[in-house]
$ cat protein37.cif   # mmCIF, N, CA and C atoms
data_input
#
loop_
_atom_site.group_PDB
_atom_site.id
_atom_site.type_symbol
_atom_site.label_atom_id
_atom_site.label_comp_id
_atom_site.auth_asym_id
_atom_site.auth_seq_id
_atom_site.Cartn_x
_atom_site.Cartn_y
_atom_site.Cartn_z
ATOM 1 N N MET E 1 -19.221 135.194 -2.620
ATOM 2 C CA MET E 1 -18.210 135.699 -1.702
ATOM 3 C C MET E 1 -17.238 134.571 -1.351
ATOM 4 N N THR E 2 -15.928 134.866 -1.310
ATOM 5 C CA THR E 2 -14.934 133.839 -1.024
ATOM 6 C C THR E 2 -14.374 134.024 0.373
ATOM 7 N N ASP E 3 -13.884 132.950 0.928
ATOM 8 C CA ASP E 3 -13.229 132.982 2.231
ATOM 9 C C ASP E 3 -11.881 133.669 2.056
ATOM 10 N N SER E 4 -11.570 134.660 2.882
ATOM 11 C CA SER E 4 -10.334 135.429 2.720
ATOM 12 C C SER E 4 -9.087 134.594 2.976
ATOM 13 N N ASN E 5 -9.231 133.393 3.565
ATOM 14 C CA ASN E 5 -8.084 132.533 3.811
ATOM 15 C C ASN E 5 -7.826 131.571 2.655
ATOM 16 N N HIS E 6 -8.613 131.645 1.579
ATOM 17 C CA HIS E 6 -8.462 130.734 0.461
ATOM 18 C C HIS E 6 -8.180 131.497 -0.820
ATOM 19 N N ASN E 7 -7.426 130.874 -1.697
ATOM 20 C CA ASN E 7 -7.144 131.422 -3.012
ATOM 21 C C ASN E 7 -8.418 131.299 -3.838
ATOM 22 N N ALA E 8 -8.929 132.405 -4.346
ATOM 23 C CA ALA E 8 -10.199 132.418 -5.062
ATOM 24 C C ALA E 8 -10.166 131.558 -6.320
ATOM 25 N N SER E 9 -9.016 131.394 -6.950
ATOM 26 C CA SER E 9 -8.956 130.668 -8.218
ATOM 27 C C SER E 9 -9.011 129.155 -8.055
ATOM 28 N N ASN E 10 -8.504 128.617 -6.939
ATOM 29 C CA ASN E 10 -8.466 127.162 -6.823
ATOM 30 C C ASN E 10 -9.009 126.621 -5.503
ATOM 31 N N GLY E 11 -9.433 127.462 -4.596
ATOM 32 C CA GLY E 11 -10.013 127.019 -3.336
ATOM 33 C C GLY E 11 -9.022 126.538 -2.299
ATOM 34 N N ARG E 12 -7.722 126.480 -2.638
ATOM 35 C CA ARG E 12 -6.710 126.058 -1.664
ATOM 36 C C ARG E 12 -6.391 127.215 -0.722
ATOM 37 N N PRO E 13 -5.935 126.907 0.482
ATOM 38 C CA PRO E 13 -5.527 127.983 1.404
ATOM 39 C C PRO E 13 -4.381 128.794 0.798
ATOM 40 N N LEU E 14 -4.405 130.090 1.033
ATOM 41 C CA LEU E 14 -3.361 130.981 0.543
ATOM 42 C C LEU E 14 -2.076 130.706 1.306
ATOM 43 N N GLU E 15 -0.990 130.513 0.575
ATOM 44 C CA GLU E 15 0.317 130.323 1.183
ATOM 45 C C GLU E 15 1.216 131.491 0.818
ATOM 46 N N VAL E 16 1.985 131.938 1.787
ATOM 47 C CA VAL E 16 2.955 133.011 1.566
ATOM 48 C C VAL E 16 4.306 132.535 2.072
ATOM 49 N N ALA E 17 5.370 133.168 1.606
ATOM 50 C CA ALA E 17 6.713 132.849 2.085
ATOM 51 C C ALA E 17 6.999 133.701 3.316
ATOM 52 N N CYS E 18 7.488 133.068 4.365
ATOM 53 C CA CYS E 18 7.893 133.793 5.575
ATOM 54 C C CYS E 18 8.945 134.830 5.154
ATOM 55 N N PRO E 19 8.753 136.099 5.511
ATOM 56 C CA PRO E 19 9.715 137.128 5.113
ATOM 57 C C PRO E 19 11.130 136.902 5.650
ATOM 58 N N GLN E 20 11.256 136.121 6.708
ATOM 59 C CA GLN E 20 12.559 135.909 7.326
ATOM 60 C C GLN E 20 13.281 134.693 6.754
ATOM 61 N N CYS E 21 12.609 133.525 6.733
ATOM 62 C CA CYS E 21 13.291 132.284 6.338
ATOM 63 C C CYS E 21 12.774 131.686 5.035
ATOM 64 N N ARG E 22 11.749 132.283 4.445
ATOM 65 C CA ARG E 22 11.158 131.885 3.162
ATOM 66 C C ARG E 22 10.383 130.566 3.223
ATOM 67 N N THR E 23 10.135 130.008 4.414
ATOM 68 C CA THR E 23 9.303 128.814 4.555
ATOM 69 C C THR E 23 7.884 129.150 4.137
ATOM 70 N N LYS E 24 7.219 128.229 3.455
ATOM 71 C CA LYS E 24 5.828 128.447 3.060
ATOM 72 C C LYS E 24 4.942 128.403 4.309
ATOM 73 N N VAL E 25 4.044 129.399 4.416
ATOM 74 C CA VAL E 25 3.160 129.528 5.568
ATOM 75 C C VAL E 25 1.735 129.696 5.067
ATOM 76 N N VAL E 26 0.803 128.957 5.653
ATOM 77 C CA VAL E 26 -0.604 129.143 5.305
ATOM 78 C C VAL E 26 -1.080 130.428 5.973
ATOM 79 N N TRP E 27 -1.656 131.324 5.165
ATOM 80 C CA TRP E 27 -2.190 132.580 5.686
ATOM 81 C C TRP E 27 -3.525 132.256 6.338
ATOM 82 N N SER E 28 -3.533 132.242 7.652
ATOM 83 C CA SER E 28 -4.709 131.794 8.379
ATOM 84 C C SER E 28 -4.829 132.538 9.693
ATOM 85 N N MET E 29 -6.056 132.699 10.135
ATOM 86 C CA MET E 29 -6.298 133.321 11.439
ATOM 87 C C MET E 29 -5.725 132.446 12.557
ATOM 88 N N ASP E 30 -5.457 131.179 12.265
ATOM 89 C CA ASP E 30 -4.885 130.263 13.252
ATOM 90 C C ASP E 30 -3.390 130.509 13.484
ATOM 91 N N ASN E 31 -2.758 131.277 12.611
ATOM 92 C CA ASN E 31 -1.333 131.578 12.749
ATOM 93 C C ASN E 31 -1.175 132.986 13.315
ATOM 94 N N PRO E 32 -0.905 133.105 14.623
ATOM 95 C CA PRO E 32 -0.774 134.434 15.226
ATOM 96 C C PRO E 32 0.473 135.189 14.773
ATOM 97 N N TYR E 33 1.396 134.516 14.082
ATOM 98 C CA TYR E 33 2.656 135.143 13.672
ATOM 99 C C TYR E 33 2.648 135.553 12.205
ATOM 100 N N ARG E 34 1.548 135.319 11.477
ATOM 101 C CA ARG E 34 1.529 135.609 10.040
ATOM 102 C C ARG E 34 1.942 137.040 9.762
ATOM 103 N N PRO E 35 2.706 137.321 8.774
ATOM 104 C CA PRO E 35 3.128 136.455 7.684
ATOM 105 C C PRO E 35 4.347 135.599 8.015
ATOM 106 N N PHE E 36 4.807 135.635 9.248
ATOM 107 C CA PHE E 36 5.972 134.836 9.636
ATOM 108 C C PHE E 36 5.537 133.422 9.997
ATOM 109 N N CYS E 37 6.491 132.495 9.955
ATOM 110 C CA CYS E 37 6.185 131.106 10.270
ATOM 111 C C CYS E 37 6.208 130.840 11.771
ATOM 112 N N SER E 38 6.894 131.690 12.520
ATOM 113 C CA SER E 38 7.057 131.435 13.953
ATOM 114 C C SER E 38 7.349 132.725 14.705
ATOM 115 N N LYS E 39 7.273 132.626 16.011
ATOM 116 C CA LYS E 39 7.618 133.765 16.863
ATOM 117 C C LYS E 39 9.090 134.135 16.669
ATOM 118 N N ARG E 40 9.953 133.127 16.503
ATOM 119 C CA ARG E 40 11.378 133.374 16.315
ATOM 120 C C ARG E 40 11.625 134.248 15.082
ATOM 121 N N CYS E 41 11.010 133.882 13.949
ATOM 122 C CA CYS E 41 11.210 134.665 12.726
ATOM 123 C C CYS E 41 10.648 136.079 12.889
ATOM 124 N N ARG E 42 9.520 136.197 13.570
ATOM 125 C CA ARG E 42 8.943 137.525 13.792
ATOM 126 C C ARG E 42 9.888 138.387 14.617
ATOM 127 N N LEU E 43 10.477 137.816 15.669
ATOM 128 C CA LEU E 43 11.390 138.575 16.521
ATOM 129 C C LEU E 43 12.705 138.902 15.810
ATOM 130 N N LEU E 44 13.203 137.980 14.970
ATOM 131 C CA LEU E 44 14.414 138.281 14.194
ATOM 132 C C LEU E 44 14.176 139.467 13.268
ATOM 133 N N ASP E 45 13.008 139.514 12.633
ATOM 134 C CA ASP E 45 12.677 140.620 11.740
ATOM 135 C C ASP E 45 12.561 141.925 12.520
ATOM 136 N N LEU E 46 11.899 141.883 13.668
ATOM 137 C CA LEU E 46 11.769 143.074 14.512
ATOM 138 C C LEU E 46 13.144 143.583 14.930
ATOM 139 N N GLY E 47 14.030 142.663 15.300
ATOM 140 C CA GLY E 47 15.387 143.048 15.688
ATOM 141 C C GLY E 47 16.145 143.710 14.547
ATOM 142 N N ALA E 48 15.939 143.219 13.329
ATOM 143 C CA ALA E 48 16.615 143.823 12.166
ATOM 144 C C ALA E 48 16.140 145.256 11.947
ATOM 145 N N TRP E 49 14.847 145.510 12.158
ATOM 146 C CA TRP E 49 14.355 146.890 12.050
ATOM 147 C C TRP E 49 14.923 147.744 13.187
ATOM 148 N N ALA E 50 14.985 147.183 14.388
ATOM 149 C CA ALA E 50 15.454 147.941 15.554
ATOM 150 C C ALA E 50 16.917 148.346 15.424
ATOM 151 N N ASP E 51 17.755 147.455 14.867
ATOM 152 C CA ASP E 51 19.167 147.830 14.718
ATOM 153 C C ASP E 51 19.454 148.472 13.360
ATOM 154 N N GLU E 52 18.386 148.817 12.629
ATOM 155 C CA GLU E 52 18.445 149.532 11.350
ATOM 156 C C GLU E 52 19.105 148.734 10.232
ATOM 157 N N SER E 53 19.089 147.389 10.328
ATOM 158 C CA SER E 53 19.535 146.558 9.211
ATOM 159 C C SER E 53 18.532 146.644 8.071
ATOM 160 N N HIS E 54 17.242 146.726 8.420
ATOM 161 C CA HIS E 54 16.182 146.949 7.432
ATOM 162 C C HIS E 54 15.921 148.441 7.371
ATOM 163 N N ARG E 55 15.781 148.958 6.160
ATOM 164 C CA ARG E 55 15.499 150.381 5.984
ATOM 165 C C ARG E 55 14.550 150.559 4.818
ATOM 166 N N ILE E 56 13.768 151.595 4.873
ATOM 167 C CA ILE E 56 12.895 151.961 3.768
ATOM 168 C C ILE E 56 13.655 152.966 2.920
ATOM 169 N N ALA E 57 13.745 152.687 1.631
ATOM 170 C CA ALA E 57 14.500 153.557 0.727
ATOM 171 C C ALA E 57 13.885 154.952 0.679
ATOM 172 N N GLY E 58 14.732 155.938 0.595
ATOM 173 C CA GLY E 58 14.260 157.309 0.486
ATOM 174 C C GLY E 58 15.347 158.274 0.902
ATOM 175 N N GLU E 59 14.995 159.536 0.878
ATOM 176 C CA GLU E 59 15.932 160.571 1.284
ATOM 177 C C GLU E 59 16.176 160.475 2.786
ATOM 178 N N PRO E 60 17.399 160.716 3.226
ATOM 179 C CA PRO E 60 17.660 160.702 4.667
ATOM 180 C C PRO E 60 16.887 161.829 5.356
ATOM 181 N N ALA E 61 16.445 161.551 6.560
ATOM 182 C CA ALA E 61 15.705 162.555 7.322
ATOM 183 C C ALA E 61 16.646 163.690 7.728
ATOM 184 N N MET E 62 16.109 164.901 7.767
ATOM 185 C CA MET E 62 16.903 166.057 8.195
ATOM 186 C C MET E 62 16.849 166.129 9.717
ATOM 187 N N ASP E 63 17.984 166.486 10.315
ATOM 188 C CA ASP E 63 17.949 166.679 11.765
ATOM 189 C C ASP E 63 17.494 168.108 12.065
ATOM 190 N N GLU E 64 17.302 168.413 13.320
ATOM 191 C CA GLU E 64 16.745 169.705 13.721
ATOM 192 C C GLU E 64 17.605 170.887 13.283
ATOM 193 N N ALA E 65 18.926 170.739 13.349
ATOM 194 C CA ALA E 65 19.826 171.833 12.946
ATOM 195 C C ALA E 65 19.695 172.103 11.445
ATOM 196 N N ASP E 66 19.581 171.034 10.646
ATOM 197 C CA ASP E 66 19.407 171.218 9.200
ATOM 198 C C ASP E 66 18.093 171.912 8.902
ATOM 199 N N LEU E 67 17.027 171.530 9.614
ATOM 200 C CA LEU E 67 15.723 172.167 9.408
ATOM 201 C C LEU E 67 15.768 173.648 9.769
ATOM 202 N N ASP E 68 16.413 173.972 10.892
ATOM 203 C CA ASP E 68 16.529 175.374 11.287
ATOM 204 C C ASP E 68 17.286 176.185 10.238
ATOM 205 N N ALA E 69 18.377 175.640 9.705
ATOM 206 C CA ALA E 69 19.150 176.336 8.675
ATOM 207 C C ALA E 69 18.313 176.526 7.410
ATOM 208 N N LEU E 70 17.550 175.531 7.022
ATOM 209 C CA LEU E 70 16.694 175.638 5.845
ATOM 210 C C LEU E 70 15.627 176.717 6.048
ATOM 211 N N ILE E 71 15.024 176.741 7.210
ATOM 212 C CA ILE E 71 13.989 177.761 7.498
ATOM 213 C C ILE E 71 14.597 179.156 7.455
ATOM 214 N N ASP E 72 15.792 179.310 8.036
ATOM 215 C CA ASP E 72 16.470 180.618 8.010
ATOM 216 C C ASP E 72 16.728 181.071 6.569
ATOM 217 N N ARG E 73 17.222 180.154 5.734
ATOM 218 C CA ARG E 73 17.482 180.522 4.323
ATOM 219 C C ARG E 73 16.209 180.897 3.608
ATOM 220 N N LEU E 74 15.136 180.152 3.838
ATOM 221 C CA LEU E 74 13.868 180.439 3.181
ATOM 222 C C LEU E 74 13.291 181.786 3.643
ATOM 223 N N GLU E 75 13.424 182.068 4.929
ATOM 224 C CA GLU E 75 12.913 183.341 5.456
ATOM 225 C C GLU E 75 13.694 184.529 4.902
ATOM 226 N N ARG E 76 14.973 184.333 4.595
ATOM 227 C CA ARG E 76 15.790 185.392 4.024
ATOM 228 C C ARG E 76 15.618 185.475 2.514
ATOM 229 N N GLY E 77 14.800 184.586 1.966
ATOM 230 C CA GLY E 77 14.568 184.603 0.524
ATOM 231 C C GLY E 77 15.618 183.873 -0.273
ATOM 232 N N GLY E 78 16.415 183.057 0.413
ATOM 233 C CA GLY E 78 17.453 182.316 -0.263
ATOM 234 C C GLY E 78 16.907 181.051 -0.891
ATOM 235 N N ASN E 79 17.726 180.461 -1.743
ATOM 236 C CA ASN E 79 17.358 179.185 -2.388
ATOM 237 C C ASN E 79 17.783 178.026 -1.514
ATOM 238 N N THR E 80 17.147 176.868 -1.744
ATOM 239 C CA THR E 80 17.467 175.693 -0.947
ATOM 240 C C THR E 80 18.677 174.993 -1.428
#
$ encode --input "protein37.cif" --output "structure tokens"
Amino acid sequence: MTDSNHNASNGRPLEVACPQCRTKVVWSMDNPYRPFCSKRCRLLDLGAWADESHRIAGEPAMDEADLDALIDRLERGGNT
């Protein structure tokens, strides 16, 4: 069994790039901000999600009016 904080192939601690600034960070239980290097980088990333700078690719969500119209068409036997 290997320690989850170490790379199984060479025994060195696992390092990852901070998603915000790309600084190398040791993946360790001692780093409360992992995978980020610092609280600052973690908060910058959170802010980017909050102001919708970061997005998950996919179809745009339908709003309630669009859903109601789709349900009405389906109930009438219409196509989408």
$ atom_distance --input "protein37.cif" --atom1 "CA of Gly47 in chain E" --atom2 "atom C of Thr23 in chain E"
19.6 Å
$ atom_distance --input "protein37.cif" --atom1 "CA of Cys37 in chain E" --atom2 "CA of Leu14 in chain E"
13.6 Å
$ atom_distance --input "protein37.cif" --atom1 "atom C of Arg12 in chain E" --atom2 "atom N of Ser28 in chain E"
10.2 Å
$ closest_residue --input "protein37.cif" --among "E:Cys18, E:Leu70, E:Ala65, E:Val26" --to "Arg40 in chain E" --atoms "only C-alpha atoms"
E:Cys18
$ closest_residue --input "protein37.cif" --among "E:Lys24, E:Leu74, E:Asp68, E:Ala50" --to "Phe36 in chain E" --atoms "only N, CA and C atoms"
E:Lys24
$ axis_aligned_box --input "protein37.cif" --around "range 29-41 of chain E" --padding-each-side "6 Å" --output "JSON"
{"center_x": 2.7, "center_y": 133.8, "center_z": 12.3, "size_x": 29.9, "size_y": 19.1, "size_z": 21.2}
$ decode --input "protein37.cif" --residues "range 60-75 of chain E" --atoms "N, CA and C atoms" --output "PDB file, in the first residue's frame"
ATOM      1  N   PRO E  60     -26.961  25.630 -23.115  1.00  0.00           N
ATOM      2  CA  PRO E  60     -27.461  26.606 -22.144  1.00  0.00           C
ATOM      3  C   PRO E  60     -28.716  26.070 -21.451  1.00  0.00           C
ATOM      4  N   ALA E  61     -28.850  26.411 -20.191  1.00  0.00           N
ATOM      5  CA  ALA E  61     -30.016  25.969 -19.430  1.00  0.00           C
ATOM      6  C   ALA E  61     -31.268  26.678 -19.948  1.00  0.00           C
ATOM      7  N   MET E  62     -32.388  25.971 -19.917  1.00  0.00           N
ATOM      8  CA  MET E  62     -33.661  26.567 -20.338  1.00  0.00           C
ATOM      9  C   MET E  62     -34.253  27.308 -19.145  1.00  0.00           C
ATOM     10  N   ASP E  63     -34.852  28.463 -19.427  1.00  0.00           N
ATOM     11  CA  ASP E  63     -35.534  29.153 -18.332  1.00  0.00           C
ATOM     12  C   ASP E  63     -36.952  28.598 -18.202  1.00  0.00           C
ATOM     13  N   GLU E  64     -37.663  29.030 -17.195  1.00  0.00           N
ATOM     14  CA  GLU E  64     -38.985  28.477 -16.893  1.00  0.00           C
ATOM     15  C   GLU E  64     -39.983  28.664 -18.031  1.00  0.00           C
ATOM     16  N   ALA E  65     -39.936  29.811 -18.704  1.00  0.00           N
ATOM     17  CA  ALA E  65     -40.866  30.070 -19.815  1.00  0.00           C
ATOM     18  C   ALA E  65     -40.592  29.107 -20.973  1.00  0.00           C
ATOM     19  N   ASP E  66     -39.309  28.849 -21.255  1.00  0.00           N
ATOM     20  CA  ASP E  66     -38.971  27.901 -22.323  1.00  0.00           C
ATOM     21  C   ASP E  66     -39.450  26.506 -21.972  1.00  0.00           C
ATOM     22  N   LEU E  67     -39.284  26.104 -20.708  1.00  0.00           N
ATOM     23  CA  LEU E  67     -39.744  24.780 -20.278  1.00  0.00           C
ATOM     24  C   LEU E  67     -41.258  24.652 -20.402  1.00  0.00           C
ATOM     25  N   ASP E  68     -41.983  25.692 -19.986  1.00  0.00           N
ATOM     26  CA  ASP E  68     -43.440  25.660 -20.105  1.00  0.00           C
ATOM     27  C   ASP E  68     -43.874  25.529 -21.563  1.00  0.00           C
ATOM     28  N   ALA E  69     -43.235  26.268 -22.466  1.00  0.00           N
ATOM     29  CA  ALA E  69     -43.570  26.187 -23.890  1.00  0.00           C
ATOM     30  C   ALA E  69     -43.266  24.793 -24.436  1.00  0.00           C
ATOM     31  N   LEU E  70     -42.161  24.205 -24.043  1.00  0.00           N
ATOM     32  CA  LEU E  70     -41.809  22.861 -24.489  1.00  0.00           C
ATOM     33  C   LEU E  70     -42.836  21.839 -23.992  1.00  0.00           C
ATOM     34  N   ILE E  71     -43.230  21.955 -22.749  1.00  0.00           N
ATOM     35  CA  ILE E  71     -44.232  21.019 -22.188  1.00  0.00           C
ATOM     36  C   ILE E  71     -45.555  21.158 -22.930  1.00  0.00           C
ATOM     37  N   ASP E  72     -45.962  22.402 -23.208  1.00  0.00           N
ATOM     38  CA  ASP E  72     -47.213  22.626 -23.953  1.00  0.00           C
ATOM     39  C   ASP E  72     -47.151  21.968 -25.335  1.00  0.00           C
ATOM     40  N   ARG E  73     -46.027  22.151 -26.034  1.00  0.00           N
ATOM     41  CA  ARG E  73     -45.896  21.530 -27.373  1.00  0.00           C
ATOM     42  C   ARG E  73     -45.935  20.025 -27.289  1.00  0.00           C
ATOM     43  N   LEU E  74     -45.262  19.451 -26.301  1.00  0.00           N
ATOM     44  CA  LEU E  74     -45.239  18.002 -26.152  1.00  0.00           C
ATOM     45  C   LEU E  74     -46.631  17.453 -25.805  1.00  0.00           C
ATOM     46  N   GLU E  75     -47.347  18.172 -24.956  1.00  0.00           N
ATOM     47  CA  GLU E  75     -48.696  17.727 -24.578  1.00  0.00           C
ATOM     48  C   GLU E  75     -49.657  17.787 -25.762  1.00  0.00           C
TER      49      GLU E  75
END
